[in-house]
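Dropping entry-v1.txt in here (compact mmCIF, C-alpha atoms and all ligand atoms):
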# COMPACT_ATOMS: atom_id res chain seq x y z
CA MET G 1 16.76 14.29 0.15
CA TYR G 2 15.26 13.29 -3.23
CA GLY G 3 14.47 16.94 -4.17
CA LEU G 4 10.87 16.86 -2.94
CA SER G 5 8.85 20.09 -3.21
CA ALA G 6 7.07 21.67 -0.22
CA ALA G 7 3.76 20.19 -1.45
CA ASP G 8 5.37 16.74 -1.81
CA LYS G 9 6.76 16.92 1.73
CA ASP G 10 3.41 18.07 3.09
CA ILE G 11 1.40 15.13 1.71
CA GLN G 12 4.21 12.72 2.61
CA ALA G 13 4.14 13.97 6.23
CA ARG G 14 0.34 13.62 6.42
CA ALA G 15 0.54 10.06 5.06
CA ARG G 16 3.35 9.19 7.46
CA ALA G 17 1.40 10.49 10.46
CA PHE G 18 -1.66 8.51 9.31
CA ALA G 19 0.39 5.31 8.95
CA ASP G 20 1.74 5.85 12.47
CA GLU G 21 -1.89 6.05 13.69
CA LEU G 22 -2.67 2.68 12.04
CA ILE G 23 0.39 0.74 13.24
CA PRO G 24 -0.95 0.18 16.80
CA PHE G 25 -3.92 -1.76 15.29
CA GLU G 26 -1.73 -4.30 13.47
CA VAL G 27 -1.53 -7.07 16.05
CA GLU G 28 -5.27 -6.95 16.79
CA ALA G 29 -5.95 -7.24 13.04
CA GLU G 30 -3.45 -10.09 12.72
CA LEU G 31 -4.96 -12.16 15.49
CA ALA G 32 -8.60 -11.46 14.59
CA GLY G 33 -8.22 -11.75 10.79
CA GLY G 34 -9.03 -8.07 10.34
CA LEU G 35 -10.59 -5.17 12.22
CA PRO G 36 -14.27 -4.61 13.06
CA ASP G 37 -16.16 -2.75 10.31
CA ASP G 38 -16.73 0.36 12.42
CA VAL G 39 -13.00 0.69 13.17
CA THR G 40 -12.14 0.34 9.46
CA ALA G 41 -14.84 2.90 8.60
CA GLY G 42 -13.24 5.31 11.09
CA HIS G 43 -9.85 4.83 9.44
CA ARG G 44 -11.36 5.44 5.99
CA LYS G 45 -12.99 8.64 7.24
CA ARG G 46 -9.63 9.80 8.58
CA ALA G 47 -7.92 9.05 5.24
CA LEU G 48 -10.58 11.15 3.51
CA GLU G 49 -10.16 14.03 5.97
CA LEU G 50 -6.39 14.00 5.53
CA GLY G 51 -6.64 14.14 1.71
CA LEU G 52 -5.09 10.69 1.31
CA PHE G 53 -8.07 9.09 -0.43
CA ALA G 54 -8.40 8.96 -4.25
CA THR G 55 -5.14 10.87 -4.69
CA ASN G 56 -5.05 9.47 -8.26
CA LEU G 57 -8.33 11.08 -9.40
CA PRO G 58 -8.73 14.64 -10.70
CA ARG G 59 -9.88 17.38 -8.35
CA GLU G 60 -12.91 18.21 -10.53
CA LEU G 61 -14.25 14.72 -9.74
CA GLY G 62 -13.53 15.10 -6.03
CA GLY G 63 -10.16 13.35 -6.06
CA GLY G 64 -6.83 14.61 -4.77
CA GLY G 65 -5.46 15.64 -8.17
CA CYS G 66 -1.98 14.59 -7.03
CA THR G 67 1.07 14.17 -9.20
CA THR G 68 2.25 10.61 -9.79
CA LEU G 69 5.15 11.24 -7.42
CA GLN G 70 2.75 12.39 -4.69
CA GLN G 71 0.58 9.29 -5.20
CA VAL G 72 3.72 7.21 -4.77
CA LEU G 73 4.68 9.11 -1.59
CA VAL G 74 1.26 8.38 -0.04
CA GLN G 75 1.23 4.68 -0.97
CA GLU G 76 4.82 4.32 0.24
CA GLN G 77 3.84 5.57 3.69
CA VAL G 78 0.72 3.40 4.00
CA GLY G 79 2.86 0.48 2.81
CA ARG G 80 4.70 0.75 6.16
CA VAL G 81 1.63 -0.77 7.83
CA THR G 82 0.96 -4.53 7.85
CA ASN G 83 -2.37 -6.39 7.50
CA ALA G 84 -3.49 -4.14 4.63
CA LEU G 85 -4.72 -1.55 7.13
CA GLY G 86 -3.37 1.13 4.78
CA TRP G 87 -5.77 0.08 2.02
CA VAL G 88 -8.26 2.60 3.44
CA ALA G 89 -6.20 5.20 1.56
CA ALA G 90 -7.82 3.76 -1.56
CA THR G 91 -7.05 4.54 -5.19
CA PRO G 92 -10.26 4.11 -7.25
CA PRO G 93 -9.92 3.24 -10.96
CA SER G 94 -8.17 6.23 -12.52
CA TRP G 95 -8.50 4.77 -16.04
CA PHE G 96 -12.30 4.99 -15.75
CA PRO G 97 -13.23 8.72 -16.10
CA PRO G 98 -12.43 9.14 -19.83
CA VAL G 99 -14.63 6.17 -20.80
CA ALA G 100 -17.37 6.26 -18.14
CA THR G 101 -20.87 7.26 -19.23
CA ARG G 102 -22.67 9.98 -17.21
CA ASP G 103 -24.70 7.26 -15.52
CA GLN G 104 -21.61 5.15 -14.69
CA LEU G 105 -19.89 8.24 -13.34
CA ALA G 106 -22.84 9.14 -11.12
CA ARG G 107 -23.65 5.62 -9.89
CA TYR G 108 -20.19 4.13 -9.53
CA LEU G 109 -17.13 6.34 -9.83
CA LEU G 110 -18.18 9.49 -7.95
CA PRO G 111 -19.51 7.60 -4.90
CA THR G 112 -16.28 5.54 -4.92
CA ILE G 113 -14.20 8.71 -4.89
CA ARG G 114 -16.31 9.93 -1.93
CA GLY G 115 -15.59 6.65 -0.10
CA GLU G 116 -19.24 5.55 -0.25
CA ARG G 117 -18.85 2.62 -2.66
CA GLU G 118 -16.06 0.09 -3.21
CA GLU G 119 -15.07 -1.86 -6.30
CA CYS G 120 -13.41 -5.21 -6.90
CA TYR G 121 -11.95 -6.86 -10.00
CA ALA G 122 -13.05 -10.23 -11.37
CA ILE G 123 -10.58 -10.99 -14.17
CA THR G 124 -8.43 -14.03 -13.25
CA GLU G 125 -9.79 -17.54 -13.79
CA GLU G 126 -8.60 -21.03 -12.89
CA GLY G 127 -7.03 -21.41 -16.35
CA ALA G 128 -6.15 -17.75 -16.98
CA GLY G 129 -3.88 -15.72 -14.71
CA SER G 130 -0.70 -14.42 -16.34
CA ASP G 131 -2.30 -15.06 -19.71
CA VAL G 132 -5.43 -12.91 -19.35
CA ASP G 133 -6.29 -13.54 -22.99
CA ALA G 134 -7.08 -17.16 -22.06
CA ILE G 135 -10.18 -16.21 -20.05
CA GLU G 136 -13.26 -18.28 -20.82
CA ALA G 137 -15.90 -16.06 -19.20
CA THR G 138 -18.54 -15.11 -21.75
CA ALA G 139 -20.84 -12.18 -22.40
CA PHE G 140 -23.86 -12.69 -24.66
CA LEU G 141 -26.12 -9.86 -25.81
CA ASP G 142 -29.75 -10.88 -25.34
CA GLY G 143 -32.18 -8.14 -26.27
CA GLY G 144 -31.45 -5.13 -24.07
CA SER G 145 -29.20 -6.90 -21.63
CA TRP G 146 -25.93 -8.80 -21.43
CA VAL G 147 -25.83 -12.29 -19.98
CA LEU G 148 -22.57 -13.01 -18.14
CA ASN G 149 -21.09 -16.42 -17.32
CA GLY G 150 -17.76 -17.44 -15.80
CA VAL G 151 -15.94 -18.47 -12.66
CA LYS G 152 -13.42 -15.95 -11.34
CA TRP G 153 -10.56 -16.63 -8.93
CA HIS G 154 -8.88 -14.52 -6.23
CA VAL G 155 -11.53 -11.75 -6.35
CA THR G 156 -9.92 -9.41 -3.82
CA SER G 157 -12.33 -7.45 -1.62
CA PHE G 158 -15.41 -9.30 -2.89
CA ASN G 159 -16.56 -9.44 0.75
CA THR G 160 -16.29 -5.66 1.23
CA ALA G 161 -17.07 -4.35 -2.28
CA ASP G 162 -20.53 -3.43 -3.56
CA TYR G 163 -19.73 -3.65 -7.27
CA CYS G 164 -17.21 -5.40 -9.47
CA PHE G 165 -15.55 -5.10 -12.85
CA PHE G 166 -16.11 -8.37 -14.68
CA GLN G 167 -13.99 -9.21 -17.74
CA ALA G 168 -15.36 -11.58 -20.38
CA LYS G 169 -15.16 -12.37 -24.06
CA LYS G 170 -18.05 -11.67 -26.39
CA THR G 171 -19.84 -14.70 -27.72
CA ASP G 172 -22.83 -15.42 -29.95
CA HIS G 173 -23.08 -19.01 -28.72
CA PRO G 174 -23.55 -18.98 -24.94
CA GLU G 175 -24.58 -22.64 -24.84
CA ARG G 176 -21.25 -23.93 -26.27
CA PRO G 177 -18.31 -24.04 -23.85
CA GLY G 178 -15.22 -22.36 -25.26
CA ALA G 179 -17.30 -20.45 -27.81
CA ALA G 180 -15.69 -17.24 -26.62
CA ALA G 181 -12.21 -18.19 -27.83
CA GLY G 182 -10.98 -15.32 -29.98
CA GLY G 183 -13.90 -13.11 -28.98
CA GLU G 184 -13.42 -9.46 -28.11
CA HIS G 185 -12.65 -8.58 -24.49
CA LEU G 186 -15.46 -6.74 -22.73
CA LEU G 187 -15.55 -5.19 -19.28
CA PHE G 188 -18.77 -4.86 -17.28
CA LEU G 189 -19.99 -3.26 -14.08
CA VAL G 190 -21.89 -5.72 -11.90
CA ASP G 191 -23.68 -4.61 -8.73
CA LEU G 192 -23.10 -6.76 -5.68
CA PRO G 193 -25.08 -8.69 -4.69
CA SER G 194 -26.77 -9.59 -8.00
CA PRO G 195 -28.87 -12.67 -8.90
CA GLY G 196 -26.55 -15.37 -10.29
CA VAL G 197 -23.42 -14.14 -8.49
CA SER G 198 -22.31 -16.54 -5.74
CA VAL G 199 -19.21 -17.44 -3.77
CA VAL G 200 -17.93 -20.94 -4.64
CA ARG G 201 -15.54 -20.91 -1.69
CA THR G 202 -13.26 -18.57 0.24
CA PRO G 203 -9.76 -20.11 0.47
CA ALA G 204 -7.38 -19.09 3.28
CA TYR G 205 -4.28 -17.19 2.12
CA SER G 206 -0.87 -16.52 3.68
CA HIS G 207 -1.91 -13.10 4.98
CA THR G 208 -4.69 -12.40 7.47
CA ILE G 209 -6.54 -9.30 6.29
CA THR G 210 -10.10 -8.02 6.26
CA HIS G 211 -10.26 -8.36 2.48
CA HIS G 212 -10.94 -11.91 1.25
CA HIS G 213 -10.17 -13.37 -2.19
CA PRO G 214 -12.99 -15.84 -2.93
CA ILE G 215 -13.67 -17.89 -6.03
CA VAL G 216 -16.87 -16.41 -7.44
CA ALA G 217 -19.31 -17.93 -9.93
CA PHE G 218 -21.28 -15.75 -12.36
CA GLU G 219 -24.18 -17.83 -13.72
CA ASN G 220 -26.46 -16.22 -16.29
CA VAL G 221 -26.01 -12.84 -14.61
CA ARG G 222 -28.14 -10.29 -16.49
CA VAL G 223 -26.88 -6.71 -16.57
CA PRO G 224 -28.30 -3.81 -18.61
CA ALA G 225 -26.57 -2.90 -21.89
CA ALA G 226 -25.43 0.31 -20.15
CA SER G 227 -23.22 -1.78 -17.84
CA LEU G 228 -20.66 -2.26 -20.60
CA VAL G 229 -17.57 -0.16 -19.84
CA GLY G 230 -16.21 1.75 -22.83
CA ALA G 231 -16.17 0.27 -26.30
CA GLU G 232 -16.49 -3.39 -27.23
CA GLY G 233 -13.02 -4.89 -27.61
CA ASP G 234 -11.35 -2.36 -25.29
CA GLY G 235 -11.54 -4.54 -22.15
CA MET G 236 -7.85 -5.43 -22.27
CA LEU G 237 -6.86 -1.80 -22.83
CA TYR G 238 -8.31 -0.74 -19.48
CA SER G 239 -6.80 -3.74 -17.66
CA ARG G 240 -3.39 -2.87 -19.08
CA GLU G 241 -3.68 0.77 -18.04
CA TRP G 242 -4.72 -0.30 -14.54
CA PHE G 243 -1.84 -2.80 -14.30
CA ARG G 244 0.62 -0.01 -15.13
CA PHE G 245 -0.74 2.20 -12.34
CA GLU G 246 -1.07 -0.60 -9.79
CA ARG G 247 2.43 -1.92 -10.48
CA LEU G 248 3.87 1.45 -9.51
CA MET G 249 1.72 1.55 -6.38
CA VAL G 250 2.79 -2.01 -5.45
CA ALA G 251 6.40 -0.82 -5.82
CA ALA G 252 5.65 2.16 -3.56
CA ARG G 253 4.06 0.04 -0.83
CA CYS G 254 7.01 -2.39 -0.98
CA ALA G 255 9.46 0.50 -0.52
CA GLY G 256 7.43 1.62 2.52
CA ALA G 257 7.43 -1.89 3.96
CA ALA G 258 11.20 -2.13 3.49
CA GLU G 259 11.73 1.22 5.21
CA ARG G 260 9.74 0.06 8.24
CA LEU G 261 11.65 -3.22 8.36
CA VAL G 262 15.05 -1.55 8.06
CA ALA G 263 14.13 0.89 10.85
CA GLU G 264 12.79 -1.85 13.14
CA MET G 265 15.59 -4.34 12.58
CA SER G 266 18.37 -1.77 12.99
CA ALA G 267 16.80 -0.48 16.24
CA PHE G 268 16.60 -4.05 17.53
CA ALA G 269 20.14 -4.87 16.40
CA SER G 270 21.46 -1.80 18.23
CA SER G 271 19.85 -2.76 21.54
CA ARG G 272 19.94 -6.56 21.52
CA VAL G 273 23.09 -7.77 23.24
CA ALA G 274 24.57 -11.19 22.46
CA GLY G 275 28.12 -12.30 23.24
CA GLY G 276 28.52 -9.14 25.34
CA THR G 277 27.92 -6.68 22.51
CA PRO G 278 24.98 -5.33 20.48
CA ILE G 279 24.35 -7.73 17.61
CA ALA G 280 24.67 -4.81 15.13
CA SER G 281 28.40 -4.89 15.82
CA HIS G 282 28.67 -8.52 14.73
CA GLY G 283 29.84 -8.35 11.14
CA LEU G 284 27.37 -10.93 9.84
CA VAL G 285 24.41 -8.98 11.27
CA ALA G 286 25.85 -5.61 10.19
CA GLY G 287 26.05 -6.96 6.65
CA MET G 288 22.32 -7.72 6.63
CA LEU G 289 21.54 -4.17 7.82
CA ALA G 290 23.88 -2.59 5.27
CA ASP G 291 22.57 -4.65 2.35
CA SER G 292 18.97 -3.82 3.30
CA VAL G 293 19.35 -0.05 3.53
CA THR G 294 21.45 0.00 0.33
CA GLU G 295 18.77 -1.89 -1.59
CA LEU G 296 16.07 0.37 -0.12
CA PHE G 297 17.92 3.46 -1.39
CA ALA G 298 18.31 1.92 -4.86
CA ALA G 299 14.63 0.89 -4.95
CA ARG G 300 13.35 4.26 -3.81
CA SER G 301 15.52 6.12 -6.32
CA LEU G 302 14.16 3.94 -9.13
CA LEU G 303 10.60 4.37 -7.85
CA TYR G 304 10.70 8.18 -7.56
CA GLU G 305 12.44 8.60 -10.92
CA THR G 306 9.82 6.40 -12.61
CA ALA G 307 7.04 8.54 -11.09
CA ARG G 308 8.78 11.76 -12.12
CA GLY G 309 9.15 10.45 -15.67
CA ILE G 310 5.39 9.89 -15.88
CA ASP G 311 4.74 13.41 -14.51
CA ARG G 312 7.16 14.91 -17.06
CA ASP G 313 5.62 13.15 -20.07
CA PRO G 314 2.36 11.27 -19.40
CA SER G 315 2.03 10.55 -23.13
CA ASP G 316 5.09 8.25 -23.17
CA THR G 317 3.14 5.19 -22.07
CA LYS G 318 5.65 2.73 -23.56
CA THR G 319 8.47 3.90 -21.32
CA ALA G 320 6.09 4.15 -18.37
CA HIS G 321 4.89 0.58 -18.97
CA ALA G 322 8.44 -0.82 -18.92
CA GLN G 323 9.65 1.35 -16.03
CA CYS G 324 6.59 0.55 -13.88
CA SER G 325 7.40 -3.13 -14.48
CA MET G 326 11.04 -2.48 -13.51
CA ALA G 327 9.93 -0.67 -10.35
CA LYS G 328 7.48 -3.42 -9.38
CA LEU G 329 10.01 -6.15 -10.10
CA TYR G 330 12.85 -4.56 -8.17
CA CYS G 331 10.90 -3.13 -5.23
CA SER G 332 8.88 -6.31 -4.59
CA GLU G 333 11.94 -8.58 -4.77
CA MET G 334 13.97 -6.13 -2.66
CA ALA G 335 11.23 -6.02 0.00
CA GLY G 336 11.11 -9.82 0.09
CA ARG G 337 14.87 -9.99 0.68
CA VAL G 338 14.68 -7.31 3.38
CA ALA G 339 11.82 -9.12 5.17
CA ASP G 340 13.78 -12.37 5.11
CA ARG G 341 16.82 -10.65 6.66
CA ALA G 342 14.62 -8.88 9.22
CA VAL G 343 13.24 -12.21 10.45
CA GLN G 344 16.83 -13.43 10.79
CA VAL G 345 17.99 -10.33 12.68
CA PHE G 346 15.08 -10.63 15.14
CA GLY G 347 15.94 -14.30 15.71
CA GLY G 348 13.17 -16.26 17.47
CA ARG G 349 11.17 -13.08 17.94
CA GLY G 350 11.08 -12.70 14.17
CA TYR G 351 9.02 -15.89 13.91
CA MET G 352 6.26 -14.59 16.20
CA ARG G 353 3.11 -13.24 14.59
CA GLU G 354 3.20 -10.25 16.93
CA ASN G 355 6.46 -9.20 15.24
CA VAL G 356 6.33 -6.90 12.21
CA ALA G 357 9.04 -8.89 10.41
CA GLU G 358 7.05 -12.13 10.63
CA ARG G 359 3.92 -10.44 9.25
CA PHE G 360 5.71 -8.71 6.39
CA PHE G 361 7.64 -11.92 5.59
CA ARG G 362 4.31 -13.57 4.72
CA GLU G 363 2.48 -10.54 3.39
CA LEU G 364 5.14 -9.34 0.96
CA ARG G 365 5.33 -12.67 -0.84
CA VAL G 366 2.25 -11.92 -2.92
CA GLU G 367 3.75 -8.67 -4.22
CA ARG G 368 5.85 -10.84 -6.56
CA ILE G 369 2.71 -12.56 -7.84
CA TRP G 370 -0.27 -10.23 -8.18
CA GLU G 371 -0.57 -7.49 -10.77
CA GLY G 372 1.69 -9.67 -12.93
CA THR G 373 4.33 -12.05 -11.57
CA SER G 374 8.03 -11.17 -11.50
CA GLU G 375 8.47 -13.39 -14.57
CA ILE G 376 5.84 -11.41 -16.48
CA GLN G 377 7.51 -8.11 -15.47
CA ARG G 378 10.83 -9.47 -16.75
CA MET G 379 9.21 -10.47 -20.05
CA ILE G 380 7.76 -6.94 -20.47
CA VAL G 381 11.08 -5.26 -19.66
CA ALA G 382 13.13 -7.59 -21.87
CA ARG G 383 10.71 -7.15 -24.81
CA GLN G 384 11.01 -3.38 -24.67
CA LEU G 385 14.76 -3.55 -24.16
CA THR G 386 15.25 -5.64 -27.29
CA ASN G 387 12.76 -3.54 -29.31
CA ARG G 388 13.76 -0.03 -28.19
CA GLY G 389 17.28 -0.30 -26.80
CA VAL G 390 18.79 0.37 -23.40
CA SER G 391 18.64 4.18 -23.67
CA ALA G 392 14.82 4.05 -23.85
CA LEU G 393 14.60 2.37 -20.45
CA ALA G 394 17.60 3.30 -18.34
C1 LIG Y 1 -3.88 -12.71 -2.94
C2 LIG Y 1 -4.22 -12.55 -4.39
C3 LIG Y 1 -5.13 -11.58 -4.79
C4 LIG Y 1 -5.48 -11.44 -6.13
N1 LIG Y 1 -6.45 -10.53 -6.48
C5 LIG Y 1 -6.96 -10.56 -7.74
C6 LIG Y 1 -8.10 -9.75 -8.08
O1 LIG Y 1 -8.61 -8.98 -7.26
N2 LIG Y 1 -8.62 -9.87 -9.31
C7 LIG Y 1 -8.07 -10.70 -10.25
O2 LIG Y 1 -8.60 -10.75 -11.35
N3 LIG Y 1 -6.97 -11.43 -9.97
C8 LIG Y 1 -6.40 -11.40 -8.74
N4 LIG Y 1 -5.31 -12.17 -8.42
C9 LIG Y 1 -4.73 -13.03 -9.45
C10 LIG Y 1 -3.29 -12.69 -9.83
O3 LIG Y 1 -3.25 -11.54 -10.64
C11 LIG Y 1 -2.70 -13.93 -10.50
O4 LIG Y 1 -2.53 -14.91 -9.48
C12 LIG Y 1 -1.38 -13.67 -11.18
O5 LIG Y 1 -1.55 -12.85 -12.32
C13 LIG Y 1 -0.71 -14.98 -11.63
O6 LIG Y 1 -1.60 -15.80 -12.30
P1 LIG Y 1 -1.74 -17.35 -11.87
O7 LIG Y 1 -1.91 -17.39 -10.40
O8 LIG Y 1 -2.79 -17.97 -12.69
O9 LIG Y 1 -0.35 -18.00 -12.18
P2 LIG Y 1 0.10 -18.60 -13.62
O10 LIG Y 1 -0.22 -17.63 -14.70
O11 LIG Y 1 -0.45 -19.98 -13.74
O12 LIG Y 1 1.68 -18.68 -13.42
C14 LIG Y 1 2.30 -19.75 -12.71
C15 LIG Y 1 3.81 -19.56 -12.83
O13 LIG Y 1 4.19 -19.59 -14.22
C16 LIG Y 1 4.87 -18.40 -14.57
N5 LIG Y 1 4.51 -17.98 -15.94
C17 LIG Y 1 3.26 -17.90 -16.46
N6 LIG Y 1 3.31 -17.43 -17.73
C18 LIG Y 1 4.63 -17.20 -17.99
C19 LIG Y 1 5.34 -16.69 -19.12
N7 LIG Y 1 4.72 -16.30 -20.23
N8 LIG Y 1 6.68 -16.57 -19.01
C20 LIG Y 1 7.34 -16.94 -17.89
N9 LIG Y 1 6.72 -17.43 -16.79
C21 LIG Y 1 5.38 -17.55 -16.83
C22 LIG Y 1 4.41 -17.38 -13.54
O14 LIG Y 1 5.34 -16.31 -13.41
C23 LIG Y 1 4.31 -18.22 -12.30
O15 LIG Y 1 5.56 -18.36 -11.73
C24 LIG Y 1 -4.89 -12.29 -7.10
C25 LIG Y 1 -3.95 -13.24 -6.70
C26 LIG Y 1 -3.61 -13.39 -5.36
C27 LIG Y 1 -2.61 -14.44 -4.97
Translate the structure of the given file into structure tokens.
Amino acid sequence: MYGLSAADKDIQARARAFADELIPFEVEAELAGGLPDDVTAGHRKRALELGLFATNLPRELGGGGCTTLQQVLVQEQVGRVTNALGWVAATPPSWFPPVATRDQLARYLLPTIRGEREECYAITEEGAGSDVDAIEATAFLDGGSWVLNGVKWHVTSFNTADYCFFQAKKTDHPERPGAAAGGEHLLFLVDLPSPGVSVVRTPAYSHTITHHHPIVAFENVRVPAASLVGAEGDGMLYSREWFRFERLMVAARCAGAAERLVAEMSAFASSRVAGGTPIASHGLVAGMLADSVTELFAARSLLYETARGIDRDPSDTKTAHAQCSMAKLYCSEMAGRVADRAVQVFGGRGYMRENVAERFFRELRVERIWEGTSEIQRMIVARQLTNRGVSALA
């Protein structure tokens, strides 16, 4: 099915087997708020051995050199696992190599590709989420170093990462609040821990995973001039490129989650007897199963075709941008609907945290929010549709 090549099927099978190894750890992670560090390190080592780590980076840098479709196939399989246990099959920043200096490559990217370092992203602020341009974080050049200030929200993996990408606007007036308005966007590498970087608080979220999302303050954090990533003013360019990639990977993980849920709920519905017959034979339950597998097929077809389009013509970034938004929008909303039905099919069991449907019901909610909300994806798609016409997108 789907016309996969032998190489595609091979990496898909490896990723599927790996996901099946992780699934037995889910309930322990759920109840303990994550797994012990040594267990996670073992899983990361296994992902590296199986060639499932850094699939999005070129081979000459030590990455997997996979096609976009193959990257999708891997993330789809690890998306079958709850509690973010599949995140050990990490995808380091693939936008970084063309703009990284030799020093940045050696100190940050290459060790990340080897699984020795881990990054996080500090972009969102209390007053700037969907509208990234509204950030108020500032960067001020003082002699040979930059001075960074700002408070960042939802910094995923801050507790496990050892460096972060910090986005700010250039200012010449660090002492005046709001002086950065209209300033150029800059992106910096900040080692963690660094003097001036501190956690304001770590809120609890709907999911229970090892990776936390604290609010982090950057107060007069001094970094060398060489910490600037790429050219001044290009900060937004890199964020946009990363969003495009991550949106496709979100879509892939959502398709994987939906596959797991469809498999689990249909197995349950076939064996659970109520009113003297398996519940799958009750029309109202059968309808939920049929709708779920139909939507999964539609989502997966859209996802794979979007990936294939990028592999065919990587230079067509406009189409890729819109289609990655379409894939993220449809797959994340589809997975949410499937999780809701799965809870219903499992009945009371579906409300227990030891049940996969309950965990995915909570965990999948954020897929419609991060990396751009569903509303933002719709705005992107509609803008391109009205500018370029339907034949450019579908
Ligand atoms: C668990 C989690 C992890 C995250 N990890 C990170 C991270 O690692 N690094 C990071 O920088 N950020 C991270 N984020 C932030 C995330 O990207 C933002 O939450 C997201 O972009 C939405 O921004 P917001 O929360 O400020 O919502 P807002 O932008 O305030 O939006 C609120 C509502 O208004 C709607 N809305 C806003 N603008 C428009 C518009 N123009 N048109 C129509 N509707 C609109 C939105 O769709 C939404 O429904 C994370 C968030 C979560 C929840």
Query raised in the report: Taking only C-alpha atoms and all ligand atoms into account, which of G:Leu69, G:Leu364, G:Leu61, G:Ala6 comes nearest ligand LIG 1 (chain Y)?
Result: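 Ranked by minimum distance to ligand LIG 1 (chain Y), first place goes to G:Leu364.
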Report task. Scan for residues within 12 Å of the point (5.8, -10.4, 10.4) in the coordinates of the file, using all atoms listed in the file, and reply as a ChimeraX atom specification. Result -> /G:26-27,30,80-83,206-208,257,260-261,264-265,336,338-344,346,348-365
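Comparing the minimum interatomic distances between ligand LIG 1 (chain Y) and each of G:Met288, G:Ala137, G:Ala299, G:Ala89, counting all atoms listed in the file, we find that G:Ala137 sits nearest.
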Report task. Kindly compile the residues surrounding ligand LIG 1 (chain Y) within 8 Å, counting all atoms listed in the file, and format them as a ChimeraX atom specification. Result -> /G:120-131,152-157,205,213,366,369-376,379
Requested in this report: For atom CA of Gly275 of chain G and atom CA of Gly347 of chain G, determine how far apart the two atoms are, in Å to one decimal place.
Outcome: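 Value for the atom CA of Gly275 of chain G-atom CA of Gly347 of chain G distance: 14.5 Å.
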Requested in this report: Work out how far apart atom CA of Val285 of chain G and atom CA of Val345 of chain G are and give it in Å to one decimal.
Outcome: 6.7 Å
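Put simply, atom CA of Tyr330 of chain G is 15.3 Å away from atom CA of Val72 of chain G.
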Query raised in the report: With distances taken over only C-alpha atoms, which of G:Thr68, G:Arg272, G:Thr112, G:Met236 is nearest to Pro314 of chain G?
Result: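 Answer, going by the shortest atom-to-atom distance: G:Thr68.
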**Report entry** Among listed residues G:Phe158, G:Phe243, G:Phe140, G:Phe96, nearest Thr202 of chain G (using all atoms listed in the file)
**Finding:**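 Nearest to Thr202 of chain G: G:Phe158.
Closest approach to Ala100 of chain G from the set G:Ala307, G:Ala252, G:Ala382, G:Ala231 is made by G:Ala231, with distances taken over all atoms listed in the file.
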Query raised in the report: Counting only C-alpha atoms, what is within 10 Å of Gly256 of chain G, bar same-chain residues fewer than 3 positions away, as a ChimeraX atom specification?
Result: /G:16,72-81,250-253,259-262,296,300,331,335
**Report entry** Among listed residues G:Glu118, G:Asp142, G:Asp234, G:Glu184, nearest Val221 of chain G (using only C-alpha atoms)
**Finding:**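 The answer is G:Asp142, which sits nearest to Val221 of chain G.
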Report task. Fewer than 4 positions away in the same chain doesn't count, so skip those; otherwise give me all residues within 12 Å of Leu385 of chain G, counting all atoms listed in the file, as a ChimeraX atom specification. Result -> /G:318-319,321-323,326,378-381,389-394
Requested in this report: Would you mind listing what lies within 10 Å of Tyr163 of chain G as a ChimeraX atom specification, with all atoms listed in the file counted and same-chain residues fewer than 2 positions away left out?
Outcome: /G:108,117-121,158,160-161,165-166,189-194
Query raised in the report: Using all atoms listed in the file, which residues sit within 10 Å of Pro58 of chain G once same-chain residues fewer than 5 positions away are excluded, as a PyMOL selection string?
Result: chain G and resi 63-67+94+97+113
